[in-house]
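A.B. asks: Structure in structure tokens, see below.
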Amino acid sequence: MWHDVGYAHEKVQSFLQSAYGEHLDDGVATEVRAAFIEQEKTSQGTRCIASLMARLLKPANARTEWAVPSDKTRLNPTAQGIYNAIFENLQESHGAFGGIRLFRDYAESIDSMEEDQRQVAQQTVLLAAGSMPFHDWKFRRAVRKAIGVCHMPIHTLPFAALLAFVDSIQDDRRDLQGVLDTPVILKSLACTHDGIITADVELAALDSQSILEKIIEGRDVYASLVHYEGGMRFVYPTWIVAS
């Protein structure tokens, strides 16, 4: 529901031109994005999500229980790197935007809840917000640039892994006409009792360019996944990657 809401943010110049019917300077889109990025709620959400991501990406480094960082909390090097990756992604793409918007839209309501309800709601929102950005290859690239690698342990980031897996092979339907005209590529997902997740893909529905794009994206996602013996495992069609 939330992972692609950032397309309006990424394509803001196109949206504005469609609305006003004339060409707009690139600076207009830059100003609109900057206004969102510079808001206090955005900064707060970015710090919080970056801190959580750092914990989930490198769980072995944990020494204490994770807590929501305050404005004065000093982020560790990994979290600071991810903060920078989120900031970079917000300026050029859509992946991190959905997580930030989710955090912003629910943070105040969650803070006002009773303690028992607040903990469940906060955990749900933060796990979703911290998982969404990874479906965007530009975010994964930014993470690699910031901290050297982008390795998602499936046991700590299962939703990020599932979203990235599905998003890398599903058909893109970004408008109502596309829902009607776009051929179905991802036919079904199957999960065995021991946690092996496979995708049934209609290869005949893809042209040569789309096949190449799916191979590139699928291999990028697969290279980011960290599987563990006895844990959940994502298996791509062999024409994408021999997993």
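Ordering of the structure tokens sets the chain letters (A, B, ...); residue numbers start at 1 within each chain; ligands are numbered from 1 in the order shown.
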Find the residues around Gln80 of chain A up to 10 Å (only C-alpha atoms counted), leave out those fewer than 5 positions away in its own chain, and share them as a PyMOL selection string.
C.D. replies: chain A and resi 47+50-51+54+74-75+85-86+146-147
A.B. asks: Please identify all polymer residues within 8 Å of segment 121-125 of chain A, counting only C-alpha atoms, omitting same-chain residues fewer than 6 positions from it, and present them as a VMD selection string.
C.D. replies: chain A and resid 102 to 103 106 to 107 110
A.B. asks: Please produce a file of those selected residues containing N, CA and C atoms, as a compact mmCIF listing (two decimals), in the first residue's frame.
C.D. replies:
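Output (selection.txt):
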# COMPACT_ATOMS: atom_id res chain seq x y z
N LEU A 102 5.10 7.22 5.80
CA LEU A 102 4.38 6.37 6.75
C LEU A 102 4.72 6.79 8.17
N PHE A 103 6.00 6.99 8.45
CA PHE A 103 6.42 7.43 9.78
C PHE A 103 5.77 8.78 10.12
N TYR A 106 1.90 8.77 10.91
CA TYR A 106 1.37 8.05 12.07
C TYR A 106 2.10 8.33 13.38
N ALA A 107 3.22 9.02 13.33
CA ALA A 107 4.03 9.22 14.53
C ALA A 107 3.25 9.89 15.65
N ILE A 110 0.48 7.63 17.12
CA ILE A 110 1.05 6.53 17.91
C ILE A 110 1.53 7.04 19.27
A.B. asks: Could you check the closest approach to Arg33 of chain A for each of A:Ala199, A:Leu90, A:Ala67, A:Val241 and tell me which residue wins, using only C-alpha atoms?
C.D. replies: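 Going through A:Ala199, A:Leu90, A:Ala67, A:Val241 one by one, the smallest distance to Arg33 of chain A is for A:Leu90.
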A.B. asks: Need the shell around Leu206 of chain A: protein/DNA/RNA residues with any atom at most 12 Å away, counting only C-alpha atoms. Skip same-chain ones fewer than 2 positions apart. Format as a PDB file with N, CA and C atoms, in the first residue's frame?
C.D. replies:
ATOM      1  N   ILE A 169      10.425  -8.865  -9.761  1.00  0.00           N
ATOM      2  CA  ILE A 169       9.938  -9.751 -10.822  1.00  0.00           C
ATOM      3  C   ILE A 169       8.507  -9.477 -11.245  1.00  0.00           C
ATOM      4  N   GLN A 170       7.776  -8.699 -10.478  1.00  0.00           N
ATOM      5  CA  GLN A 170       6.384  -8.468 -10.835  1.00  0.00           C
ATOM      6  C   GLN A 170       6.277  -7.490 -12.003  1.00  0.00           C
ATOM      7  N   ASP A 171       5.112  -7.478 -12.635  1.00  0.00           N
ATOM      8  CA  ASP A 171       4.851  -6.538 -13.707  1.00  0.00           C
ATOM      9  C   ASP A 171       4.561  -5.163 -13.127  1.00  0.00           C
ATOM     10  N   ASP A 172       4.980  -4.123 -13.837  1.00  0.00           N
ATOM     11  CA  ASP A 172       4.785  -2.747 -13.374  1.00  0.00           C
ATOM     12  C   ASP A 172       3.449  -2.222 -13.870  1.00  0.00           C
ATOM     13  N   THR A 182      -1.518  -4.343 -19.249  1.00  0.00           N
ATOM     14  CA  THR A 182      -0.238  -4.977 -18.987  1.00  0.00           C
ATOM     15  C   THR A 182      -0.408  -6.481 -18.773  1.00  0.00           C
ATOM     16  N   PRO A 183       0.330  -7.293 -19.485  1.00  0.00           N
ATOM     17  CA  PRO A 183       0.223  -8.743 -19.297  1.00  0.00           C
ATOM     18  C   PRO A 183       0.702  -9.151 -17.914  1.00  0.00           C
ATOM     19  N   VAL A 184       0.104 -10.198 -17.384  1.00  0.00           N
ATOM     20  CA  VAL A 184       0.480 -10.679 -16.062  1.00  0.00           C
ATOM     21  C   VAL A 184       1.814 -11.409 -16.159  1.00  0.00           C
ATOM     22  N   ILE A 185       2.804 -10.940 -15.418  1.00  0.00           N
ATOM     23  CA  ILE A 185       4.126 -11.558 -15.423  1.00  0.00           C
ATOM     24  C   ILE A 185       4.289 -12.462 -14.197  1.00  0.00           C
ATOM     25  N   LEU A 186       4.008 -11.903 -13.018  1.00  0.00           N
ATOM     26  CA  LEU A 186       4.057 -12.710 -11.802  1.00  0.00           C
ATOM     27  C   LEU A 186       2.718 -13.407 -11.630  1.00  0.00           C
ATOM     28  N   VAL A 201       6.571 -17.284 -12.896  1.00  0.00           N
ATOM     29  CA  VAL A 201       6.631 -16.123 -13.774  1.00  0.00           C
ATOM     30  C   VAL A 201       6.306 -16.531 -15.204  1.00  0.00           C
ATOM     31  N   GLU A 202       5.482 -15.723 -15.870  1.00  0.00           N
ATOM     32  CA  GLU A 202       5.121 -15.957 -17.258  1.00  0.00           C
ATOM     33  C   GLU A 202       6.167 -15.318 -18.163  1.00  0.00           C
ATOM     34  N   LEU A 203       7.157 -16.091 -18.530  1.00  0.00           N
ATOM     35  CA  LEU A 203       8.274 -15.569 -19.318  1.00  0.00           C
ATOM     36  C   LEU A 203       7.813 -15.071 -20.688  1.00  0.00           C
ATOM     37  N   ALA A 204       6.804 -15.729 -21.249  1.00  0.00           N
ATOM     38  CA  ALA A 204       6.330 -15.363 -22.585  1.00  0.00           C
ATOM     39  C   ALA A 204       5.728 -13.957 -22.625  1.00  0.00           C
ATOM     40  N   SER A 208      12.314  -8.804 -24.926  1.00  0.00           N
ATOM     41  CA  SER A 208      13.739  -8.996 -24.646  1.00  0.00           C
ATOM     42  C   SER A 208      14.294  -7.935 -23.707  1.00  0.00           C
ATOM     43  N   GLN A 209      13.840  -6.677 -23.861  1.00  0.00           N
ATOM     44  CA  GLN A 209      14.316  -5.615 -22.990  1.00  0.00           C
ATOM     45  C   GLN A 209      13.863  -5.844 -21.557  1.00  0.00           C
ATOM     46  N   SER A 210      12.617  -6.256 -21.385  1.00  0.00           N
ATOM     47  CA  SER A 210      12.082  -6.518 -20.047  1.00  0.00           C
ATOM     48  C   SER A 210      12.786  -7.694 -19.390  1.00  0.00           C
ATOM     49  N   ILE A 211      13.107  -8.712 -20.173  1.00  0.00           N
ATOM     50  CA  ILE A 211      13.830  -9.865 -19.637  1.00  0.00           C
ATOM     51  C   ILE A 211      15.179  -9.429 -19.089  1.00  0.00           C
ATOM     52  N   LEU A 212      15.883  -8.608 -19.865  1.00  0.00           N
ATOM     53  CA  LEU A 212      17.184  -8.118 -19.415  1.00  0.00           C
ATOM     54  C   LEU A 212      17.047  -7.320 -18.126  1.00  0.00           C
ATOM     55  N   GLU A 213      16.030  -6.454 -18.052  1.00  0.00           N
ATOM     56  CA  GLU A 213      15.812  -5.644 -16.853  1.00  0.00           C
ATOM     57  C   GLU A 213      15.505  -6.516 -15.640  1.00  0.00           C
ATOM     58  N   LYS A 214      14.698  -7.563 -15.835  1.00  0.00           N
ATOM     59  CA  LYS A 214      14.368  -8.462 -14.731  1.00  0.00           C
ATOM     60  C   LYS A 214      15.605  -9.219 -14.254  1.00  0.00           C
ATOM     61  N   ILE A 215      16.460  -9.608 -15.182  1.00  0.00           N
ATOM     62  CA  ILE A 215      17.682 -10.320 -14.812  1.00  0.00           C
ATOM     63  C   ILE A 215      18.591  -9.419 -13.986  1.00  0.00           C
TER      64      ILE A 215
END
A.B. asks: Quick one: of A:Met132, A:Ala161, A:Met232, A:Leu189, who's nearest to Val5 of chain A, counting only C-alpha atoms?
C.D. replies: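 Distance minimum relative to Val5 of chain A lands on A:Met132.
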A.B. asks: Apply DSSP to the backbone of this structure and, from segment 11-180 of chain A, keep only the residues in helix (DSSP H, G or I); write these as a PyMOL selection string.
C.D. replies: chain A and resi 12-20+26-37+40-57+59-61+77-92+95-111+115-135+137-147+158-169+176-180
A.B. asks: Please determine, counting only C-alpha atoms, which residue among A:Ala62, A:Leu127, A:Met53, A:Ile37 has the shortest atom-to-atom distance to Gln91 of chain A.
C.D. replies: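 Of A:Ala62, A:Leu127, A:Met53, A:Ile37, the one nearest Gln91 of chain A is A:Ile37, counting only C-alpha atoms.
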